[in-house]
Every structure is written in C-alpha cells, then in structure tokens.
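*Asks:* My structure is in model-v6.cif, and what it holds is mmCIF, C-alpha atoms:
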```cif
data_model
loop_
_atom_site.label_atom_id
_atom_site.label_comp_id
_atom_site.auth_asym_id
_atom_site.auth_seq_id
_atom_site.Cartn_x
_atom_site.Cartn_y
_atom_site.Cartn_z
CA MET A 1 7.17 3.89 -10.08
CA GLU A 2 8.73 0.54 -9.27
CA TYR A 3 6.72 -0.52 -6.23
CA GLY A 4 8.54 -3.84 -5.75
CA GLU A 5 11.03 -2.40 -3.29
CA TYR A 6 8.20 -1.02 -1.13
CA ILE A 7 5.50 -3.70 -1.29
CA LYS A 8 6.26 -7.14 0.15
CA ILE A 9 4.12 -10.25 0.44
CA ASN A 10 4.92 -12.55 3.34
CA PRO A 11 2.52 -15.46 3.96
CA GLU A 12 3.25 -15.17 7.68
CA LYS A 13 2.18 -11.49 7.91
CA ARG A 14 -1.40 -10.33 7.55
CA PHE A 15 -2.36 -13.64 5.92
CA GLY A 16 -0.15 -12.92 2.90
CA LYS A 17 -1.70 -9.57 2.05
CA PRO A 18 0.68 -7.11 0.38
CA CYS A 19 2.25 -4.87 3.04
CA ILE A 20 4.67 -1.96 3.13
CA ARG A 21 8.24 -3.23 3.51
CA ASP A 22 8.66 -5.02 6.84
CA THR A 23 5.65 -3.44 8.53
CA ARG A 24 2.25 -5.00 9.11
CA ILE A 25 0.59 -2.07 7.32
CA ALA A 26 -1.27 -3.49 4.32
CA VAL A 27 -1.70 -1.79 0.97
CA TYR A 28 -5.43 -2.22 1.57
CA ASP A 29 -5.21 -0.15 4.77
CA ILE A 30 -3.46 2.75 3.06
CA LEU A 31 -5.84 2.73 0.10
CA GLY A 32 -8.76 2.74 2.53
CA TRP A 33 -7.37 5.72 4.42
CA LEU A 34 -6.87 7.62 1.17
CA ALA A 35 -10.41 6.73 0.05
CA SER A 36 -11.80 8.02 3.35
CA GLY A 37 -10.19 11.40 2.68
CA MET A 38 -6.97 11.24 4.67
CA THR A 39 -4.05 13.12 3.14
CA PHE A 40 -0.54 11.75 2.75
CA ASP A 41 0.56 14.00 5.62
CA GLU A 42 -2.21 12.78 7.93
CA ILE A 43 -1.33 9.14 7.24
CA ILE A 44 2.36 9.78 7.88
CA GLN A 45 1.53 11.70 11.05
CA ASP A 46 -0.43 8.68 12.34
CA PHE A 47 2.14 6.18 11.06
CA PRO A 48 5.59 7.83 11.05
CA GLU A 49 7.22 4.62 9.81
CA LEU A 50 5.60 5.36 6.42
CA SER A 51 6.91 7.76 3.79
CA VAL A 52 5.36 9.56 0.85
CA GLU A 53 7.10 7.01 -1.40
CA ASP A 54 5.43 4.15 0.50
CA ILE A 55 2.00 5.67 -0.12
CA LYS A 56 2.76 6.31 -3.79
CA ALA A 57 3.91 2.70 -4.09
CA CYS A 58 0.49 1.58 -2.83
CA LEU A 59 -1.20 3.65 -5.50
CA ALA A 60 1.12 2.26 -8.18
CA TYR A 61 0.47 -1.29 -6.95
CA ALA A 62 -3.31 -0.75 -7.09
CA ALA A 63 -3.09 0.79 -10.57
CA ASP A 64 -1.01 -2.14 -11.79
CA ARG A 65 -3.47 -4.68 -10.38
CA GLU A 66 -6.37 -2.82 -12.00
CA HIS A 67 -4.54 -2.78 -15.31
CA LYS A 68 -3.98 -6.55 -15.14
CA LEU A 69 -7.58 -7.32 -14.14
CA LYS A 70 -9.46 -9.40 -16.69
CA ILE A 71 -13.20 -9.09 -17.08
CA VAL A 72 -14.87 -12.33 -18.06
#
```
Represent the structure from my file as structure tokens, please.

*Replies:*
Amino acid sequence: MEYGEYIKINPEKRFGKPCIRDTRIAVYDILGWLASGMTFDEIIQDFPELSVEDIKACLAYAADREHKLKIV
C-alpha cells in the first residue's frame, strides 16, 4: 500500500508527528488503539473521519519504518 497519500507530516500539527491526512490524529494514536485491542470498526465508530484505508496506511507506515530501522 502506498501510504503517502494518507500520512502527512506537518511541523505545525502534533509537533510534526505523522498524522492521517489533514486531521490531528497521529499514526501513533491509531497504532496504540490497535495494540490495545480495538478493531478497525471500533476506531472508525469513535472517529468517523477515519476510513479502513487510513488505518491500513498506518500499519503500512509502521511496517516501512520497522523495515528501515538499523540496529547498531
């Protein structure tokens, strides 16, 4: 998945943390909700401005960052 159209970094929003499109919802927030056991549907119910594709983009972004991580 090409997450670039979903994930945006704006230094003036959330201290430059990656967020979903033009929202203030950070990738970190969504990953945390998933880790706590929330389903895609529960997240979207709480935040209707999000879509399934937004959540998948967060997972793709996290996987890409993990892949690029260098252990020293």

*Asks:* Mind telling me what the PyMOL selection byres ((chain A and resi 21-32) around 7) catches here, as a PyMOL selection string?

*Replies:* chain A and resi 6-8+13-14+17-20+33-36+55+58

*Asks:* Any idea what the distance is between atom CA of His67 of chain A and atom CA of Ile44 of chain A?

*Replies:* 27.3 Å

*Asks:* Can you tell me how far atom CA of Leu59 of chain A sits from atom CA of Phe47 of chain A, in Å to one decimal?

*Replies:* 17.1 Å

*Asks:* Determine the residue membership of the PyMOL selection byres ((chain A and resi 61) around 9) for the file above and supply it as a list in words.

*Replies:*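 Residues picked by the PyMOL selection byres ((chain A and resi 61) around 9): Glu2, Tyr3, Gly4, Ile7, Val27, Lys56, Ala57, Cys58, Leu59, Ala60, Ala62, Ala63, Asp64, Arg65 and Glu66 of chain A.
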
*Asks:* Report the distance between atom CA of Met38 of chain A and atom CA of Pro11 of chain A in Å, rounded to one decimal place.

*Replies:*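 These two atoms are separated by 28.3 Å.
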